[in-house]
$ cat work.cif   # mmCIF, C-alpha atoms
data_upload
loop_
_atom_site.label_atom_id
_atom_site.label_comp_id
_atom_site.auth_asym_id
_atom_site.auth_seq_id
_atom_site.Cartn_x
_atom_site.Cartn_y
_atom_site.Cartn_z
CA MET A 1 48.30 161.18 -45.06
CA ALA A 2 50.99 163.44 -43.71
CA GLU A 3 49.69 162.79 -40.18
CA THR A 4 50.61 159.12 -40.27
CA PRO A 5 53.39 158.84 -37.71
CA GLN A 6 56.61 157.53 -39.17
CA LEU A 7 57.35 154.33 -37.32
CA GLY A 8 61.02 154.28 -36.52
CA PHE A 9 63.27 151.31 -36.24
CA GLN A 10 63.33 151.07 -32.47
CA THR A 11 65.14 148.96 -29.92
CA PRO A 12 62.40 146.27 -29.60
CA HIS A 13 62.52 145.78 -33.37
CA ARG A 14 66.27 145.45 -33.22
CA ILE A 15 66.09 142.85 -30.49
CA VAL A 16 63.51 140.75 -32.33
CA LEU A 17 65.51 140.96 -35.53
CA LEU A 18 68.80 140.10 -33.84
CA VAL A 19 67.34 137.14 -31.96
CA ALA A 20 65.58 135.82 -35.06
CA SER A 21 68.72 136.18 -37.18
CA ILE A 22 70.91 134.46 -34.62
CA VAL A 23 68.42 131.59 -34.27
CA LEU A 24 68.34 131.25 -38.06
CA LEU A 25 72.14 131.33 -38.20
CA ALA A 26 72.40 128.62 -35.54
CA LEU A 27 69.71 126.52 -37.22
CA VAL A 28 71.39 126.65 -40.62
CA LEU A 29 74.80 125.82 -39.19
CA GLU A 30 73.33 122.94 -37.20
CA LEU A 31 71.58 121.55 -40.30
CA VAL A 32 74.82 121.72 -42.25
CA ARG A 33 76.67 120.07 -39.39
CA ARG A 34 74.16 117.20 -39.40
CA GLN A 35 74.53 117.02 -43.17
CA ARG A 36 70.85 117.65 -43.70
CA PHE A 37 71.69 120.64 -45.84
CA LYS A 38 74.07 120.96 -48.74
CA GLU A 39 76.56 123.77 -48.23
CA ARG A 40 75.66 125.42 -51.52
CA TYR A 41 72.03 125.89 -50.42
CA ALA A 42 73.02 126.78 -46.88
CA LEU A 43 75.05 129.67 -48.26
CA LEU A 44 71.93 131.57 -49.33
CA TRP A 45 70.41 131.24 -45.87
CA LEU A 46 73.63 132.18 -44.17
CA ILE A 47 73.71 135.39 -46.18
CA VAL A 48 70.18 136.21 -45.03
CA ALA A 49 70.96 135.49 -41.40
CA LEU A 50 74.11 137.61 -41.55
CA PHE A 51 72.14 140.36 -43.25
CA GLY A 52 69.67 140.30 -40.33
CA VAL A 53 72.48 140.48 -37.81
CA GLY A 54 74.03 143.34 -39.77
CA VAL A 55 70.83 145.37 -39.89
CA GLY A 56 70.15 144.68 -36.20
CA THR A 57 73.61 145.93 -35.31
CA PHE A 58 73.59 148.95 -37.64
CA PRO A 59 69.93 150.03 -37.64
CA ARG A 60 70.68 153.26 -39.48
CA SER A 61 71.28 151.36 -42.71
CA ILE A 62 67.68 150.24 -43.03
CA VAL A 63 66.26 153.57 -41.91
CA TRP A 64 68.42 155.24 -44.54
CA LEU A 65 67.13 152.83 -47.22
CA ALA A 66 63.53 153.50 -46.14
CA HIS A 67 64.08 157.26 -46.34
CA LEU A 68 65.61 156.89 -49.75
CA ALA A 69 62.57 154.98 -51.03
CA HIS A 70 60.06 157.15 -49.11
CA VAL A 71 58.56 154.11 -47.36
CA GLN A 72 58.46 152.85 -43.83
CA PHE A 73 61.26 150.58 -42.77
CA LEU A 74 58.91 147.58 -42.51
CA THR A 75 58.18 147.90 -46.21
CA VAL A 76 61.87 147.65 -46.90
CA PHE A 77 61.97 144.42 -44.89
CA PHE A 78 59.04 142.95 -46.75
CA ALA A 79 60.39 143.95 -50.13
CA LEU A 80 63.79 142.42 -49.40
CA SER A 81 62.25 139.23 -47.98
CA PHE A 82 59.99 138.91 -51.01
CA LEU A 83 62.87 139.33 -53.42
CA PHE A 84 64.92 136.80 -51.53
CA LEU A 85 62.13 134.19 -51.50
CA LEU A 86 61.47 134.78 -55.18
CA GLY A 87 65.11 134.21 -55.98
CA LEU A 88 65.17 131.10 -53.82
CA VAL A 89 62.10 129.55 -55.47
CA LEU A 90 63.47 130.37 -58.89
CA SER A 91 66.75 128.67 -58.09
CA PHE A 92 64.81 125.66 -56.78
CA SER A 93 62.98 125.40 -60.08
CA VAL A 94 66.30 125.36 -61.88
CA VAL A 95 67.67 122.71 -59.55
CA ILE A 96 64.54 120.53 -59.83
CA SER A 97 64.66 120.74 -63.62
CA ARG A 98 68.24 119.57 -63.65
CA LEU A 99 67.52 116.79 -61.18
CA SER A 100 64.55 115.52 -63.16
CA GLU A 101 66.70 115.44 -66.29
CA GLN A 102 69.38 113.45 -64.50
CA ASN A 103 66.67 111.25 -63.04
CA ARG A 104 65.34 110.48 -66.52
CA ASP A 105 68.83 109.68 -67.83
CA LEU A 106 69.45 107.35 -64.90
CA ALA A 107 66.15 105.54 -65.35
CA GLN A 108 66.91 104.98 -69.04
CA GLU A 109 70.39 103.80 -68.20
CA ILE A 110 69.07 101.34 -65.61
CA GLY A 111 66.63 99.95 -68.16
CA LEU A 112 69.32 99.55 -70.82
CA LEU A 113 71.90 98.09 -68.44
CA THR A 114 69.42 95.63 -66.94
CA HIS A 115 68.56 94.45 -70.43
CA ARG A 116 72.22 94.00 -71.22
CA LEU A 117 72.91 92.21 -67.98
CA ARG A 118 70.06 89.77 -68.56
CA ARG A 119 71.33 89.09 -72.03
CA LEU A 120 74.86 88.42 -70.79
CA GLU A 121 73.52 86.11 -68.10
CA ASN A 122 71.50 84.19 -70.66
CA ASP A 123 74.52 83.86 -72.95
CA HIS A 124 76.60 82.71 -70.03
CA ASP A 125 74.08 80.08 -68.95
CA GLY A 126 73.77 78.93 -72.53
CA SER A 127 77.52 78.38 -72.95
CA GLU A 128 77.79 76.47 -69.66
CA SER A 129 75.07 73.92 -70.28
CA MET B 1 68.81 89.15 -84.54
CA ASN B 2 71.10 91.19 -86.73
CA SER B 3 68.87 93.22 -89.00
CA ARG B 4 69.51 96.91 -89.45
CA VAL B 5 65.99 98.00 -88.67
CA LEU B 6 64.64 98.29 -85.13
CA VAL B 7 60.95 98.74 -84.38
CA ILE B 8 60.58 100.56 -81.06
CA ILE B 9 57.31 100.14 -79.19
CA PRO B 10 56.81 102.28 -76.09
CA ALA B 11 54.33 100.55 -73.79
CA TYR B 12 52.66 101.76 -70.63
CA ASN B 13 49.99 99.39 -69.30
CA GLU B 14 49.26 97.88 -72.70
CA ALA B 15 48.75 94.27 -71.59
CA GLU B 16 45.52 94.01 -73.59
CA THR B 17 47.00 94.87 -76.96
CA ILE B 18 50.76 94.35 -76.92
CA ALA B 19 50.63 90.64 -77.75
CA SER B 20 48.59 91.16 -80.91
CA VAL B 21 50.85 94.01 -82.04
CA LEU B 22 53.90 91.78 -81.57
CA ARG B 23 52.21 88.93 -83.43
CA ARG B 24 51.33 91.18 -86.36
CA LEU B 25 54.88 92.51 -86.43
CA ARG B 26 56.22 88.97 -86.60
CA GLU B 27 53.92 88.22 -89.52
CA GLU B 28 54.49 91.45 -91.46
CA THR B 29 58.16 92.21 -90.84
CA PRO B 30 59.89 89.13 -89.44
CA GLU B 31 63.30 90.44 -90.51
CA TYR B 32 63.09 93.57 -88.32
CA ASP B 33 64.19 93.52 -84.70
CA VAL B 34 61.61 94.64 -82.19
CA LEU B 35 62.19 96.46 -78.92
CA VAL B 36 59.47 97.05 -76.36
CA VAL B 37 60.23 99.79 -73.87
CA ASP B 38 58.08 99.07 -70.84
CA ASP B 39 57.58 102.47 -69.25
CA GLY B 40 57.06 101.25 -65.68
CA SER B 41 53.79 99.45 -66.39
CA GLU B 42 51.83 98.22 -63.39
CA ASP B 43 50.03 95.54 -65.37
CA ALA B 44 51.32 92.38 -67.06
CA THR B 45 52.81 94.16 -70.10
CA ALA B 46 56.39 93.08 -69.40
CA ALA B 47 55.47 89.48 -68.63
CA ILE B 48 53.42 89.22 -71.82
CA VAL B 49 56.26 90.60 -73.92
CA ALA B 50 58.75 88.23 -72.30
CA SER B 51 56.57 85.17 -72.86
CA ALA B 52 55.59 86.19 -76.40
CA GLY B 53 59.25 86.08 -77.41
CA GLY B 54 60.77 87.58 -80.52
CA ALA B 55 61.08 91.03 -78.99
CA GLU B 56 63.73 92.58 -76.81
CA LEU B 57 62.43 94.16 -73.62
CA VAL B 58 63.81 97.19 -71.82
CA ARG B 59 62.04 97.90 -68.55
CA LEU B 60 62.26 101.36 -67.08
CA PRO B 61 62.30 101.31 -63.26
CA PHE B 62 59.41 103.78 -63.10
CA ASN B 63 57.12 105.67 -65.43
CA LEU B 64 58.96 108.36 -67.39
CA GLY B 65 56.26 109.28 -69.87
CA ILE B 66 56.24 108.66 -73.59
CA GLY B 67 59.19 110.97 -74.31
CA GLY B 68 61.53 109.33 -71.82
CA ALA B 69 60.48 105.85 -72.94
CA MET B 70 61.04 106.61 -76.63
CA GLN B 71 64.41 108.17 -75.91
CA ALA B 72 65.46 104.99 -74.10
CA GLY B 73 64.55 103.18 -77.33
CA TYR B 74 66.65 105.55 -79.42
CA LYS B 75 69.59 105.13 -77.08
CA TYR B 76 69.23 101.38 -77.50
CA ALA B 77 69.10 101.73 -81.30
CA LEU B 78 72.17 103.95 -81.26
CA ARG B 79 74.22 101.63 -79.06
CA HIS B 80 73.27 98.53 -81.00
CA GLY B 81 74.17 100.14 -84.30
CA TYR B 82 70.80 100.16 -86.03
CA GLU B 83 70.64 102.15 -89.26
CA ILE B 84 66.89 102.69 -89.15
CA ALA B 85 64.43 102.96 -86.27
CA VAL B 86 60.66 102.81 -86.44
CA GLN B 87 58.34 104.12 -83.74
CA CYS B 88 55.07 102.26 -83.40
CA ASP B 89 52.34 102.40 -80.75
CA ALA B 90 51.51 99.41 -78.56
CA ASP B 91 47.75 100.00 -78.62
CA GLY B 92 47.18 98.64 -82.12
CA GLN B 93 46.25 101.96 -83.75
CA HIS B 94 49.17 101.96 -86.13
CA PRO B 95 48.99 99.88 -89.31
CA VAL B 96 51.88 97.47 -88.83
CA ASP B 97 51.61 96.39 -92.48
CA ARG B 98 52.79 99.86 -93.54
CA ILE B 99 56.07 99.81 -91.61
CA ARG B 100 57.84 98.37 -94.62
CA ASP B 101 56.67 101.37 -96.69
CA LEU B 102 57.96 103.84 -94.11
CA VAL B 103 61.32 102.09 -94.05
CA ALA B 104 61.48 101.96 -97.85
CA HIS B 105 61.05 105.74 -98.03
CA VAL B 106 63.81 106.26 -95.48
CA ILE B 107 66.13 103.98 -97.46
CA ALA B 108 65.21 105.81 -100.66
CA GLY B 109 66.28 109.03 -98.98
CA ASP B 110 62.92 110.75 -99.30
CA GLY B 111 63.49 112.21 -95.86
CA ASP B 112 65.57 111.69 -92.75
CA MET B 113 62.31 110.88 -91.04
CA ILE B 114 59.13 109.57 -92.66
CA ILE B 115 55.82 110.02 -90.84
CA GLY B 116 52.81 107.80 -91.37
CA SER B 117 50.00 110.36 -91.33
CA ARG B 118 46.35 109.53 -90.79
CA TYR B 119 44.36 110.92 -93.65
CA VAL B 120 41.12 109.23 -92.81
CA ALA B 121 39.44 110.32 -89.59
CA ASP B 122 39.12 107.52 -87.06
CA THR B 123 35.62 106.21 -87.36
CA ASP B 124 35.10 105.30 -83.72
CA TYR B 125 36.85 108.32 -82.36
CA THR B 126 35.41 111.83 -82.23
CA PRO B 127 37.78 114.11 -80.35
CA SER B 128 36.31 116.86 -78.17
CA VAL B 129 36.10 120.38 -79.60
CA GLY B 130 38.87 121.51 -77.29
CA ARG B 131 41.15 118.75 -78.41
CA ARG B 132 40.45 119.42 -82.08
CA VAL B 133 41.13 123.13 -81.68
CA GLY B 134 44.30 122.39 -79.73
CA LYS B 135 45.53 119.96 -82.32
CA SER B 136 44.91 122.32 -85.22
CA LEU B 137 46.57 125.22 -83.36
CA LEU B 138 49.56 123.05 -82.68
CA SER B 139 49.74 121.93 -86.28
CA ARG B 140 49.60 125.51 -87.46
CA LEU B 141 52.36 126.56 -85.11
CA VAL B 142 54.58 123.70 -86.26
CA ASP B 143 53.68 124.46 -89.87
CA ALA B 144 54.61 128.11 -89.50
CA ILE B 145 58.02 127.20 -88.10
CA VAL B 146 58.87 124.21 -90.24
CA GLY B 147 57.51 125.75 -93.40
CA GLY B 148 54.53 123.57 -94.19
CA GLY B 149 54.23 120.16 -95.73
CA ILE B 150 53.28 118.23 -92.60
CA THR B 151 49.59 117.47 -92.20
CA ASP B 152 49.73 115.21 -89.17
CA THR B 153 52.12 116.70 -86.65
CA THR B 154 51.02 114.43 -83.82
CA SER B 155 51.49 111.06 -85.47
CA GLY B 156 53.70 108.71 -83.51
CA PHE B 157 54.09 106.30 -86.41
CA ARG B 158 57.44 107.15 -87.91
CA ALA B 159 60.63 105.73 -89.37
CA MET B 160 63.97 107.49 -89.28
CA ASN B 161 67.59 107.10 -90.28
CA ARG B 162 70.74 107.02 -88.21
CA LYS B 163 71.17 110.80 -88.14
CA VAL B 164 67.79 111.23 -86.49
CA ILE B 165 68.45 108.35 -84.10
CA GLU B 166 71.65 110.07 -82.98
CA LEU B 167 69.85 113.35 -82.46
CA PHE B 168 66.93 111.80 -80.56
CA ALA B 169 69.23 109.75 -78.33
CA ARG B 170 70.74 113.03 -77.23
CA GLN B 171 67.72 115.28 -77.16
CA TYR B 172 64.08 114.28 -76.97
CA PRO B 173 61.07 116.17 -75.59
CA GLU B 174 59.16 114.70 -72.66
CA ASP B 175 55.39 114.77 -72.91
CA TYR B 176 53.49 114.71 -76.15
CA PRO B 177 56.80 114.87 -78.00
CA GLU B 178 55.84 114.39 -81.64
CA PRO B 179 55.11 118.01 -82.71
CA GLU B 180 58.19 119.32 -80.94
CA THR B 181 60.47 116.76 -82.56
CA LEU B 182 59.50 118.17 -85.96
CA VAL B 183 60.79 121.57 -84.89
CA VAL B 184 63.96 120.02 -83.47
CA LEU B 185 64.62 118.16 -86.72
CA HIS B 186 63.98 121.29 -88.75
CA LYS B 187 66.46 123.24 -86.63
CA HIS B 188 69.10 120.62 -87.28
CA GLY B 189 68.52 120.74 -91.01
CA LEU B 190 67.01 117.24 -91.18
CA ARG B 191 64.20 116.57 -93.64
CA VAL B 192 60.79 115.20 -92.77
CA ALA B 193 58.32 113.71 -95.23
CA GLU B 194 55.05 111.88 -94.76
CA ILE B 195 52.99 109.18 -96.37
CA PRO B 196 49.27 108.65 -95.77
CA VAL B 197 48.23 105.63 -93.73
CA ASP B 198 44.99 104.34 -92.24
CA MET B 199 44.86 104.33 -88.48
CA GLN B 200 42.72 101.97 -86.45
CA PRO B 201 40.75 102.98 -83.37
CA ARG B 202 42.32 101.85 -80.10
CA GLN B 203 42.09 98.09 -79.70
CA GLY B 204 41.92 98.29 -75.94
CA GLY B 205 43.42 99.88 -72.88
CA GLU B 206 43.03 103.50 -71.93
CA THR B 207 44.19 106.63 -73.63
CA SER B 208 46.74 108.22 -71.37
CA ILE B 209 45.55 111.80 -71.89
CA GLY B 210 42.38 113.29 -70.38
CA PRO B 211 40.93 116.67 -71.41
CA ASN B 212 42.56 118.77 -68.69
CA LYS B 213 45.89 117.12 -69.27
CA ALA B 214 45.47 117.68 -73.01
CA ALA B 215 45.03 121.42 -72.48
CA TYR B 216 48.05 121.49 -70.19
CA TYR B 217 50.15 119.60 -72.73
CA MET B 218 48.95 121.91 -75.48
CA ILE B 219 50.22 125.00 -73.68
CA LYS B 220 53.39 123.27 -72.54
CA VAL B 221 54.22 121.99 -76.02
CA CYS B 222 53.58 125.39 -77.62
CA LEU B 223 55.94 126.97 -75.10
CA ALA B 224 58.52 124.26 -75.71
CA ILE B 225 58.28 124.74 -79.46
CA LEU B 226 58.69 128.50 -79.22
CA MET B 227 61.68 128.06 -76.91
CA ASN B 228 63.15 125.65 -79.40
CA VAL B 229 62.98 128.31 -82.06
CA LEU B 230 64.75 130.81 -79.83
CA ARG B 231 67.42 128.34 -78.77
CA ARG B 232 70.59 128.24 -80.77
CA SER B 233 70.73 124.95 -82.55
CA ALA B 234 73.40 122.70 -81.12
CA ARG B 235 75.21 120.81 -83.84
CA ILE B 236 75.51 117.09 -83.57
CA PRO B 237 79.12 116.49 -82.67
CA GLY B 238 80.83 114.71 -85.52
CA GLY B 239 77.55 114.18 -87.34
CA GLY B 240 75.56 115.79 -90.13
#

$ encode --input "work.cif" --output "structure tokens"
Amino acid sequence: MAETPQLGFQTPHRIVLLVASIVLLALVLELVRRQRFKERYALLWLIVALFGVGVGTFPRSIVWLAHLAHVQFLTVFFALSFLFLLGLVLSFSVVISRLSEQNRDLAQEIGLLTHRLRRLENDHDGSES
Amino acid sequence: MNSRVLVIIPAYNEAETIASVLRRLREETPEYDVLVVDDGSEDATAAIVASAGGAELVRLPFNLGIGGAMQAGYKYALRHGYEIAVQCDADGQHPVDRIRDLVAHVIAGDGDMIIGSRYVADTDYTPSVGRRVGKSLLSRLVDAIVGGGITDTTSGFRAMNRKVIELFARQYPEDYPEPETLVVLHKHGLRVAEIPVDMQPRQGGETSIGPNKAAYYMIKVCLAILMNVLRRSARIPGGG
């Protein structure tokens, strides 16, 4: 096992990471600009993109983290990505739950208001004729 | 139209049976107001209710499920100032001639909510083993939390006073809500009692729960009930 060469965080990796992060950054900003994305959700993605840019610019940080954990730097990437996606999905579940609750309340309200409206219309017609 | 009792009937695609339920209600309890909550039916349920007359109709814009439909009914009862609400199925299983008994027990103060429990097994209906096991597990769980005394935790034939109406208008479980509501009531210090009633087999239409769905509901409801126990009970603002 000791013979496995430690893969370093080399220039090609940095370039790929930097390009990917900048594309992501541009994409998120563009989506927000076109109002396809709420700012509060864009924030999470912006943090990720900035994180990528940061690591691409200061590669030692991730190598240092990998050393600390006794894993290769790719593992650190995967672990961080996994945690991020997990957090994102979790927050989506929370948001969906709240939306479905509001959706239910609105549907009930529409039903009750429509009933009331019909009743008022009937009363109105009755008093006119 | 100014009685103090409202009979709430949640209906989802019950065109076959709703008219006869409404007719029996008119015969048995003409002095009670009736509200049908049409839970986004795709069949003629709403049209039948409208033409039958004698019942108010609230139509939900899409299907919410039994919990959402019933809660709409409780909100209606709350806003229109009813003192007592009765929940009754649209499929003809519930003995309409016993509604007066349920209401009498609520008025007498025997409980904040009175359940009509089936004590005779439905003759035409033999539930699958899975469903029986699920039901008995659920009952035991509710029993353990509430402290016993309820034999039929899944009955949707119930009458309740204003305190319960207020609570349900604010907070009502979604699918398969009956067992969970017992836990909710218990947490809020409201009393539940039951009287035995005969239930009829379905008069028509389809049961809305298949076996897979039943298992899913089972697990979901158990989780919901346990969470309810862990949750701090929120007091009704300004109420009992």

$ closest_residue --input "work.cif" --among "A:Ser61, A:Thr11, A:Thr114, A:Gln102" --to "chain B" --atoms "only C-alpha atoms"
A:Thr114

$ resolve_selection --input "work.cif" --expression "the PyMOL selection byres ((chain B and resi 23) around 12)" --output "list in words"
Thr17, Ile18, Ala19, Ser20, Val21, Leu22, Arg24, Leu25, Arg26, Glu27, Glu28, Thr29, Pro30, Val34, Ile48, Val49, Ala52, Gly53, Gly54, Ala55, Ala90, Gly92, Val96 and Asp97 of chain B

$ resolve_selection --input "work.cif" --expression "the PyMOL selection byres ((chain B) within 10 of (chain A))" --output "list in words"
Val37, Asp38, Asp39, Gly40, Glu56, Leu57, Val58, Arg59, Leu60, Pro61, Phe62, Asn63, Leu64, Gly65, Gly67, Gly68, Ala69, Met70, Gln71, Ala72, Gly73, Lys75, Tyr76, Arg79 and Glu174 of chain B

$ residues_near_point --input "work.cif" --point "(67.0, 115.1, -83.2)" --cutoff "9 Å" --atoms "all atoms listed in the file" --output "ChimeraX atom specification"
/B:163-172,181-182,184-188,190,236

$ residues_around --input "work.cif" --residues "segment 16-26 of chain A" --least-positions-apart "6" --cutoff "12 Å" --atoms "all atoms listed in the file" --output "ChimeraX atom specification"
/A:9-10,32-33,42-59,74,77

$ residues_around --input "work.cif" --residues "Ala85 of chain B" --least-positions-apart "6" --cutoff "8 Å" --atoms "all atoms listed in the file" --output "tab-separated table (two decimals) with C-alpha atoms, in the frame of the given file"
chain	number	residue	atom	x	y	z
B	5	VAL	CA	65.99	98.00	-88.67
B	6	LEU	CA	64.64	98.29	-85.13
B	7	VAL	CA	60.95	98.74	-84.38
B	8	ILE	CA	60.58	100.56	-81.06
B	74	TYR	CA	66.65	105.55	-79.42
B	77	ALA	CA	69.10	101.73	-81.30
B	159	ALA	CA	60.63	105.73	-89.37
B	160	MET	CA	63.97	107.49	-89.28
B	161	ASN	CA	67.59	107.10	-90.28
B	162	ARG	CA	70.74	107.02	-88.21
B	165	ILE	CA	68.45	108.35	-84.10

$ resolve_selection --input "work.cif" --expression "the PyMOL selection byres ((chain B and resi 215-230) around 12)" --output "ChimeraX atom specification"
/B:128-146,154,171-188,208-214,231-234

$ atom_distance --input "work.cif" --atom1 "atom CA of Tyr32 of chain B" --atom2 "atom CA of Gln87 of chain B"
12.4 Å

$ atom_distance --input "work.cif" --atom1 "atom CA of Asp198 of chain B" --atom2 "atom CA of Ile114 of chain B"
15.1 Å

$ atom_distance --input "work.cif" --atom1 "atom CA of Asp43 of chain B" --atom2 "atom CA of Gly156 of chain B"
22.7 Å

$ decode --input "work.cif" --residues "segment 179-191 of chain B" --atoms "N, CA and C atoms" --output "mmCIF file, in the first residue's frame"
data_model
loop_
_atom_site.group_PDB
_atom_site.id
_atom_site.type_symbol
_atom_site.label_atom_id
_atom_site.label_comp_id
_atom_site.auth_asym_id
_atom_site.auth_seq_id
_atom_site.Cartn_x
_atom_site.Cartn_y
_atom_site.Cartn_z
ATOM 1 N N PRO B 179 -55.953 8.308 13.618
ATOM 2 C CA PRO B 179 -55.183 7.911 14.811
ATOM 3 C C PRO B 179 -54.351 9.061 15.373
ATOM 4 N N GLU B 180 -53.760 9.829 14.467
ATOM 5 C CA GLU B 180 -52.879 10.907 14.923
ATOM 6 C C GLU B 180 -53.653 11.990 15.673
ATOM 7 N N THR B 181 -54.887 12.236 15.235
ATOM 8 C CA THR B 181 -55.656 13.287 15.902
ATOM 9 C C THR B 181 -55.893 12.928 17.372
ATOM 10 N N LEU B 182 -55.998 11.610 17.653
ATOM 11 C CA LEU B 182 -56.212 11.205 19.042
ATOM 12 C C LEU B 182 -55.029 11.617 19.902
ATOM 13 N N VAL B 183 -53.820 11.451 19.337
ATOM 14 C CA VAL B 183 -52.616 11.841 20.069
ATOM 15 C C VAL B 183 -52.572 13.360 20.243
ATOM 16 N N VAL B 184 -52.940 14.071 19.184
ATOM 17 C CA VAL B 184 -52.941 15.539 19.239
ATOM 18 C C VAL B 184 -53.901 16.028 20.329
ATOM 19 N N LEU B 185 -55.098 15.439 20.356
ATOM 20 C CA LEU B 185 -56.086 15.838 21.364
ATOM 21 C C LEU B 185 -55.563 15.552 22.767
ATOM 22 N N HIS B 186 -54.967 14.370 22.918
ATOM 23 C CA HIS B 186 -54.440 13.978 24.219
ATOM 24 C C HIS B 186 -53.385 14.986 24.692
ATOM 25 N N LYS B 187 -52.520 15.387 23.767
ATOM 26 C CA LYS B 187 -51.462 16.341 24.117
ATOM 27 C C LYS B 187 -52.029 17.684 24.553
ATOM 28 N N HIS B 188 -53.190 18.020 24.021
ATOM 29 C CA HIS B 188 -53.789 19.305 24.375
ATOM 30 C C HIS B 188 -54.754 19.176 25.538
ATOM 31 N N GLY B 189 -54.747 18.022 26.174
ATOM 32 C CA GLY B 189 -55.573 17.831 27.363
ATOM 33 C C GLY B 189 -57.059 17.750 27.064
ATOM 34 N N LEU B 190 -57.425 17.374 25.822
ATOM 35 C CA LEU B 190 -58.837 17.234 25.479
ATOM 36 C C LEU B 190 -59.236 15.766 25.598
ATOM 37 N N ARG B 191 -60.472 15.529 26.023
ATOM 38 C CA ARG B 191 -60.904 14.163 26.319
ATOM 39 C C ARG B 191 -61.639 13.535 25.145
#
